file structure24.txt (compact mmCIF, C-alpha atoms)
# COMPACT_ATOMS: atom_id res chain seq x y z
CA MET A 170 162.54 164.27 13.34
CA ILE A 171 162.84 166.88 16.08
CA THR A 172 164.89 169.52 14.27
CA GLY A 173 161.85 171.68 13.43
CA ILE A 174 160.64 172.12 17.02
CA LYS A 175 161.61 175.31 18.81
CA GLY A 176 162.76 176.06 22.32
CA ILE A 177 162.15 173.80 25.23
CA ARG A 178 160.03 171.36 23.24
CA ILE A 179 163.20 170.30 21.38
CA ARG A 180 164.84 169.27 24.61
CA ARG A 181 161.70 167.61 25.92
CA ALA A 182 161.08 165.72 22.72
CA ALA A 183 164.72 164.71 22.56
CA ALA A 184 164.56 163.38 26.09
CA VAL A 185 161.40 161.47 25.31
CA ALA A 186 162.99 160.04 22.16
CA VAL A 187 166.07 158.89 24.05
CA THR A 188 164.29 157.35 27.02
CA SER A 189 161.14 155.95 25.50
CA GLY A 190 161.74 155.48 21.78
CA ALA A 191 160.86 157.46 18.70
CA LEU A 192 157.11 156.71 18.77
CA LEU A 193 156.63 158.69 21.97
CA ALA A 194 158.63 161.55 20.50
CA THR A 195 156.14 161.70 17.64
CA GLY A 196 153.37 161.80 20.22
CA ALA A 197 155.03 164.80 21.85
CA LEU A 198 154.97 166.60 18.51
CA THR A 199 151.26 166.12 17.90
CA ALA A 200 150.43 167.26 21.43
CA ALA A 201 152.07 170.67 20.87
CA PRO A 202 149.58 173.58 21.20
CA ALA A 203 147.83 174.90 18.10
CA GLN A 204 149.53 177.77 16.28
CA ALA A 205 148.74 181.05 18.06
CA VAL A 206 147.49 184.03 16.03
CA THR A 207 150.59 185.90 14.87
CA THR A 208 150.83 189.48 16.10
CA PRO A 209 150.86 191.69 13.00
CA SER A 210 153.61 194.11 12.10
CA ILE A 211 152.41 197.60 11.10
CA VAL A 212 154.13 200.55 9.43
CA ALA A 213 152.42 203.17 11.64
CA LYS A 214 154.57 204.53 14.48
CA GLY A 215 151.83 203.80 16.97
CA GLY A 216 148.82 201.51 17.09
CA TYR A 217 146.19 200.25 19.50
CA LEU A 218 143.11 198.04 19.36
CA MET A 219 140.61 197.14 22.04
CA ASN A 220 137.47 195.12 22.51
CA ASN A 221 134.84 197.85 22.64
CA ALA A 222 132.61 195.80 24.97
CA ASN A 223 135.02 195.82 27.91
CA ALA A 224 138.03 197.97 26.85
CA THR A 225 140.35 194.94 26.89
CA THR A 226 143.55 195.55 24.93
CA LEU A 227 143.91 193.38 21.82
CA PHE A 228 146.91 195.00 20.10
CA THR A 229 149.48 197.56 21.12
CA LYS A 230 152.46 199.30 19.51
CA LYS A 231 153.75 202.38 21.32
CA ALA A 232 150.16 202.83 22.42
CA ASP A 233 151.05 205.48 25.00
CA THR A 234 153.51 207.48 22.88
CA GLN A 235 152.32 211.04 22.22
CA LEU A 236 152.02 211.87 18.53
CA PRO A 237 150.30 214.56 16.45
CA THR A 238 146.71 213.56 15.69
CA GLY A 239 145.81 215.47 12.53
CA SER A 240 142.09 215.48 11.79
CA THR A 241 141.37 212.56 14.13
CA THR A 242 141.15 215.53 16.55
CA LYS A 243 137.69 216.16 15.05
CA ILE A 244 136.32 213.13 16.90
CA MET A 245 136.64 215.20 20.08
CA THR A 246 135.25 218.28 18.31
CA ALA A 247 132.10 216.30 17.47
CA LYS A 248 131.98 214.73 20.94
CA VAL A 249 132.03 218.15 22.64
CA VAL A 250 129.27 219.48 20.36
CA LEU A 251 127.09 216.42 20.91
CA ALA A 252 127.55 216.70 24.69
CA GLN A 253 126.03 220.22 24.82
CA SER A 254 122.95 220.41 27.01
CA ASN A 255 119.69 220.97 25.12
CA LEU A 256 121.49 220.46 21.82
CA ASN A 257 119.35 221.32 18.80
CA LEU A 258 120.77 219.55 15.76
CA ASP A 259 118.48 221.56 13.51
CA ALA A 260 119.70 224.93 14.80
CA LYS A 261 121.09 227.01 11.94
CA VAL A 262 124.57 228.50 11.82
CA THR A 263 125.43 231.28 9.36
CA ILE A 264 128.76 230.62 7.65
CA GLN A 265 131.20 233.48 8.27
CA LYS A 266 133.95 234.74 5.98
CA ALA A 267 136.43 233.96 8.75
CA TYR A 268 135.80 230.22 8.32
CA SER A 269 136.41 230.39 4.60
CA ASP A 270 139.50 232.59 4.97
CA TYR A 271 140.89 230.18 7.55
CA VAL A 272 140.76 227.06 5.36
CA VAL A 273 142.28 228.97 2.45
CA ALA A 274 145.10 230.37 4.61
CA LYS A 275 145.83 226.95 6.12
CA ASN A 276 145.34 225.04 2.84
CA ALA A 277 143.10 222.82 4.95
CA SER A 278 140.61 220.10 4.10
CA GLN A 279 137.16 221.65 3.82
CA ALA A 280 133.45 221.06 3.35
CA HIS A 281 133.34 224.01 0.89
CA LEU A 282 130.78 225.83 3.00
CA ILE A 283 129.61 229.06 1.38
CA VAL A 284 129.76 232.38 3.21
CA GLY A 285 126.29 233.60 4.15
CA ASP A 286 124.63 230.19 3.88
CA LYS A 287 122.64 228.92 6.85
CA VAL A 288 123.72 225.37 7.71
CA THR A 289 122.26 223.18 10.45
CA VAL A 290 124.39 221.82 13.28
CA ARG A 291 123.64 218.30 12.02
CA GLN A 292 124.91 219.25 8.55
CA LEU A 293 128.02 220.82 10.07
CA LEU A 294 128.74 217.54 11.89
CA TYR A 295 128.53 215.65 8.59
CA GLY A 296 130.77 218.31 7.00
CA LEU A 297 133.18 217.89 9.90
CA MET A 298 133.42 214.09 9.87
CA LEU A 299 133.02 213.04 6.20
CA PRO A 300 135.15 215.42 4.10
CA SER A 301 136.99 216.48 7.29
CA GLY A 302 135.94 220.09 6.89
CA CYS A 303 138.06 222.48 8.92
CA ASP A 304 135.53 225.19 7.97
CA ALA A 305 132.80 223.09 9.63
CA ALA A 306 135.03 222.61 12.68
CA TYR A 307 135.56 226.37 12.95
CA ALA A 308 131.81 227.04 12.66
CA LEU A 309 131.04 224.54 15.44
CA ALA A 310 133.78 225.87 17.74
CA ASP A 311 132.53 229.43 17.18
CA LYS A 312 128.94 228.42 17.97
CA TYR A 313 129.57 226.24 21.01
CA GLY A 314 132.40 228.15 22.65
CA SER A 315 131.61 230.95 25.11
CA GLY A 316 132.99 234.45 24.86
CA SER A 317 132.50 237.97 23.51
CA THR A 318 134.83 237.51 20.51
CA ARG A 319 135.39 234.71 18.02
CA ALA A 320 138.92 234.17 19.37
CA LYS A 321 137.59 233.82 22.91
CA ARG A 322 134.83 231.44 21.82
CA VAL A 323 137.28 229.24 19.94
CA ALA A 324 139.70 229.19 22.90
CA ASN A 325 136.83 228.30 25.23
CA PHE A 326 135.73 225.46 22.93
CA ILE A 327 139.27 224.03 22.82
CA GLY A 328 139.21 224.22 26.62
CA LYS A 329 136.05 222.10 26.58
CA MET A 330 137.89 219.55 24.42
CA ASN A 331 140.69 219.32 26.98
CA THR A 332 138.22 219.08 29.86
CA ALA A 333 136.45 216.23 28.07
CA ALA A 334 139.80 214.42 27.71
CA LYS A 335 140.51 214.87 31.43
CA ASN A 336 137.02 213.62 32.29
CA LEU A 337 137.82 210.42 30.39
CA GLY A 338 140.94 210.04 32.56
CA LEU A 339 143.31 210.64 29.63
CA THR A 340 146.70 211.94 30.71
CA HIS A 341 148.58 211.93 27.37
CA THR A 342 146.15 214.04 25.35
CA HIS A 343 146.27 217.78 24.77
CA PHE A 344 144.37 219.79 22.17
CA ASP A 345 145.41 223.23 21.00
CA SER A 346 143.05 223.32 18.01
CA PHE A 347 139.47 222.49 17.08
CA ASP A 348 140.49 220.62 13.91
CA GLY A 349 143.99 219.17 14.31
CA ILE A 350 145.86 222.04 12.68
CA GLY A 351 147.60 222.74 15.93
CA ASN A 352 150.49 224.90 17.04
CA GLY A 353 152.77 221.98 17.85
CA ASN A 354 150.90 220.93 20.97
CA ASN A 355 147.94 219.01 19.54
CA LEU A 356 148.91 215.57 20.77
CA SER A 357 147.40 212.28 21.82
CA THR A 358 148.24 208.57 21.83
CA PRO A 359 146.75 205.55 20.05
CA ARG A 360 145.22 204.35 23.33
CA ASP A 361 143.77 207.76 24.27
CA LEU A 362 142.29 208.41 20.82
CA THR A 363 140.70 204.96 20.86
CA LYS A 364 139.09 205.76 24.22
CA ILE A 365 137.83 209.12 22.91
CA ALA A 366 136.31 207.39 19.88
CA SER A 367 134.76 204.63 22.00
CA SER A 368 133.13 207.28 24.19
CA ALA A 369 131.90 209.24 21.15
CA MET A 370 130.44 206.06 19.63
CA LYS A 371 128.01 205.85 22.55
CA ASN A 372 126.14 208.74 20.90
CA SER A 373 123.67 207.53 18.26
CA THR A 374 124.03 210.66 16.10
CA PHE A 375 127.81 210.25 16.05
CA ARG A 376 127.49 206.55 15.15
CA THR A 377 125.13 207.36 12.28
CA ILE A 378 127.41 210.07 10.88
CA VAL A 379 130.71 208.18 10.95
CA LYS A 380 129.38 205.12 9.15
CA THR A 381 127.85 207.25 6.35
CA LYS A 382 129.74 207.01 3.06
CA SER A 383 128.18 210.05 1.37
CA TYR A 384 125.90 212.90 2.44
CA THR A 385 124.29 215.73 0.48
CA ALA A 386 123.41 218.84 2.48
CA LYS A 387 120.73 221.30 1.46
CA THR A 388 121.60 224.72 2.87
CA ILE A 389 119.73 228.03 2.89
CA THR A 390 121.32 230.86 0.91
CA LYS A 391 121.39 234.56 1.82
CA THR A 392 118.31 235.11 -0.35
CA GLY A 393 116.38 232.29 1.30
CA SER A 394 116.60 229.80 -1.55
CA THR A 395 117.81 226.22 -1.12
CA ARG A 396 121.31 225.28 -2.19
CA THR A 397 122.09 221.61 -2.83
CA MET A 398 125.72 221.16 -1.90
CA ASN A 399 128.04 218.79 -3.73
CA PRO A 400 127.97 215.44 -1.90
CA TRP A 401 130.40 215.03 0.98
CA THR A 402 132.28 211.75 0.67
CA ASN A 403 133.66 210.02 3.74
CA THR A 404 137.48 209.94 3.66
CA ASN A 405 137.47 206.61 5.55
CA GLY A 406 138.13 204.03 2.83
CA LEU A 407 137.51 201.15 5.23
CA LEU A 408 133.77 201.76 4.91
CA SER A 409 134.00 200.37 1.37
CA SER A 410 136.87 197.91 1.76
CA TYR A 411 136.55 196.19 5.16
CA SER A 412 133.42 194.22 6.00
CA GLY A 413 131.72 195.37 9.19
CA THR A 414 133.37 198.81 9.38
CA ILE A 415 131.27 201.32 11.36
CA GLY A 416 133.67 204.32 11.54
CA VAL A 417 135.48 206.39 12.57
CA LYS A 418 137.83 209.14 11.27
CA THR A 419 140.90 209.78 9.16
CA GLY A 420 143.65 212.28 9.79
CA SER A 421 146.72 213.47 7.96
CA GLY A 422 149.21 216.29 7.87
CA PRO A 423 152.91 217.12 7.60
CA GLU A 424 153.56 216.28 11.27
CA ALA A 425 150.82 213.70 11.81
CA LYS A 426 151.57 211.73 8.61
CA TYR A 427 148.64 209.36 7.96
CA CYS A 428 146.31 208.49 10.83
CA LEU A 429 143.12 206.48 11.19
CA VAL A 430 140.73 205.77 14.03
CA PHE A 431 138.60 202.78 13.09
CA ALA A 432 135.90 200.44 14.35
CA ALA A 433 134.19 197.35 13.01
CA THR A 434 131.60 194.84 14.16
CA ARG A 435 131.68 191.17 13.18
CA ASN A 436 129.73 188.28 14.71
CA GLY A 437 128.34 190.61 17.35
CA LYS A 438 131.77 191.73 18.51
CA THR A 439 133.06 195.29 18.05
CA VAL A 440 136.71 196.27 17.96
CA ILE A 441 137.93 199.85 17.95
CA GLY A 442 141.44 201.17 17.43
CA THR A 443 143.87 203.75 16.13
CA VAL A 444 146.98 203.94 13.97
CA LEU A 445 149.09 207.11 14.04
CA ALA A 446 151.88 208.23 11.71
CA SER A 447 151.55 205.63 8.99
CA SER A 448 153.20 206.25 5.61
CA SER A 449 150.24 206.68 3.21
CA ILE A 450 146.46 206.47 2.90
CA ALA A 451 146.74 202.90 1.59
CA GLN A 452 149.16 201.93 4.34
CA ARG A 453 147.07 203.29 7.22
CA GLU A 454 144.14 201.25 5.91
CA SER A 455 146.33 198.16 5.54
CA ASP A 456 147.64 198.66 9.09
CA ALA A 457 144.09 198.99 10.42
CA LYS A 458 142.88 195.87 8.59
CA LYS A 459 145.80 193.81 9.91
CA ILE A 460 145.10 194.92 13.47
CA MET A 461 141.36 194.28 13.21
CA ASN A 462 141.86 190.84 11.61
CA TYR A 463 144.17 190.02 14.51
CA GLY A 464 141.70 191.33 17.09
CA PHE A 465 138.77 189.40 15.66
CA ALA A 466 140.90 186.23 15.50
CA LYS A 467 141.79 186.65 19.19
CA LEU A 468 138.16 187.20 20.12
CA GLY A 469 137.21 184.03 18.21

call {"tool": "encode", "arguments": {"input": "structure24.txt", "output": "structure tokens"}}
result
Amino acid sequence: MITGIKGIRIRRAAAVAVTSGALLATGALTAAPAQAVTTPSIVAKGGYLMNNANATTLFTKKADTQLPTGSTTKIMTAKVVLAQSNLNLDAKVTIQKAYSDYVVAKNASQAHLIVGDKVTVRQLLYGLMLPSGCDAAYALADKYGSGSTRAKRVANFIGKMNTAAKNLGLTHTHFDSFDGIGNGNNLSTPRDLTKIASSAMKNSTFRTIVKTKSYTAKTITKTGSTRTMNPWTNTNGLLSSYSGTIGVKTGSGPEAKYCLVFAATRNGKTVIGTVLASSSIAQRESDAKKIMNYGFAKLG
């Protein structure tokens, strides 16, 4: 009767059974606490989830272990752009050959921006966050960095990314790129990336962009005509497969493996989290869903 009970309750129930008869032992069984929500197991090397309302931790797995971040870096790229004073989202940026050459040389994910086209800052942010365009990232870093040369402007912009991380009190984050294609020192942690995303989500433009599944930009060509770009599709599959998803950003790469920063709102409660170095696109989404299900269950 008492063989299925674990730990100290076995001894207690046994004692009750011996001293007071089997009926009381049965009573001890029914009084045991309800089954707690089981902490999920994830494939990702690192994971973190918090209650976005108060930053309370809901799930952690190597949450403070530094790992490559891949294109989840672009959350900070967008955050830095959106934090510019007197930001004009309708300002136009002319796409340079350097941006196109860069994505080809790096075999990087791109928004397929066309050299000579004038693209608004708002459109560049969609191109950055939906198809994970490294060409869009380069264009934004070039525009919002300070310096007399493109290299200096880009370096200055990356400096702004690191300053923003320090201002959030993050001690395990370092950026050496504007897009996640780093030089071996583009690192963060599940906890830090979650905090970056939570901060970015305070911006209404950012929130609108990262929950958008598809976006079609109309750019201005060299001759002044309008070009309708092929639609940019959001690489975050959770937007279509997990009810309540509101963002945020995918990432992948040879070092980073498969990463995902994610957020969802259910019953008025928002959770936000990160998985780093999962084994596939499907697995990072599965990891994220498990963690969010767990978090929502804990929040009740």

call {"tool": "closest_residue", "arguments": {"input": "structure24.txt", "among": "A:Ile378, A:Ala433, A:Val272, A:Met398", "to": "Gly302 of chain A", "atoms": "only C-alpha atoms"}}
result
A:Val272

call {"tool": "atom_distance", "arguments": {"input": "structure24.txt", "atom1": "atom CA of Val250 of chain A", "atom2": "atom CA of Asp345 of chain A"}}
result
16.6 Å

call {"tool": "closest_residue", "arguments": {"input": "structure24.txt", "among": "A:Ala252, A:Val262, A:Met298, A:Ile365", "to": "Thr404 of chain A", "atoms": "only C-alpha atoms"}}
result
A:Met298

call {"tool": "closest_residue", "arguments": {"input": "structure24.txt", "among": "A:Ile283, A:Ala466, A:Leu294, A:Ala457", "to": "Thr207 of chain A", "atoms": "all atoms listed in the file"}}
result
A:Ala466

call {"tool": "closest_residue", "arguments": {"input": "structure24.txt", "among": "A:Asn255, A:Thr289, A:Thr439, A:Ser367", "to": "Ala305 of chain A", "atoms": "all atoms listed in the file"}}
result
A:Thr289

call {"tool": "residues_around", "arguments": {"input": "structure24.txt", "residues": "Gln292 of chain A", "least_positions_apart": "4", "cutoff": "12 Å", "atoms": "all atoms listed in the file", "output": "VMD selection string"}}
result
chain A and resid 247 257 to 262 280 282 286 to 288 296 to 300 302 305 to 306 308 to 309 374 378 384 to 389 397 to 398 400 to 401

call {"tool": "closest_residue", "arguments": {"input": "structure24.txt", "among": "A:Ala320, A:Ile441, A:Leu339, A:Leu236", "to": "Ala213 of chain A", "atoms": "all atoms listed in the file"}}
result
A:Leu236

call {"tool": "closest_residue", "arguments": {"input": "structure24.txt", "among": "A:Tyr463, A:Phe326, A:Tyr271, A:Tyr427", "to": "Thr246 of chain A", "atoms": "only C-alpha atoms"}}
result
A:Phe326

call {"tool": "axis_aligned_box", "arguments": {"input": "structure24.txt", "around": "segment 420-429 of chain A", "padding_each_side": "8 Å", "output": "JSON"}}
result
{"center_x": 148.3, "center_y": 211.8, "center_z": 9.7, "size_x": 26.4, "size_y": 26.6, "size_z": 20.2}

call {"tool": "residues_around", "arguments": {"input": "structure24.txt", "residues": "Asn462 of chain A", "least_positions_apart": "4", "cutoff": "10 Å", "atoms": "only C-alpha atoms", "output": "VMD selection string"}}
result
chain A and resid 206 209 411 440 457 to 458 466 to 468

call {"tool": "residues_around", "arguments": {"input": "structure24.txt", "residues": "Ala446 of chain A", "least_positions_apart": "4", "cutoff": "7 Å", "atoms": "all atoms listed in the file", "output": "list in words"}}
result
Ala213, Lys214, Gly215, Ala425, Lys426, Tyr427 and Cys428 of chain A

call {"tool": "atom_distance", "arguments": {"input": "structure24.txt", "atom1": "atom CA of Thr358 of chain A", "atom2": "atom CA of Gly437 of chain A"}}
result
27.2 Å

call {"tool": "residues_around", "arguments": {"input": "structure24.txt", "residues": "Val249 of chain A", "least_positions_apart": "4", "cutoff": "12 Å", "atoms": "all atoms listed in the file", "output": "ChimeraX atom specification"}}
result
/A:242-245,253-254,256,294,306,309-310,312-314,325-334,336,347,365-366,368-369,372,375

call {"tool": "residues_around", "arguments": {"input": "structure24.txt", "residues": "Ala232 of chain A", "least_positions_apart": "6", "cutoff": "12 Å", "atoms": "only C-alpha atoms", "output": "ChimeraX atom specification"}}
result
/A:213-219,226,341,357-364,442-445
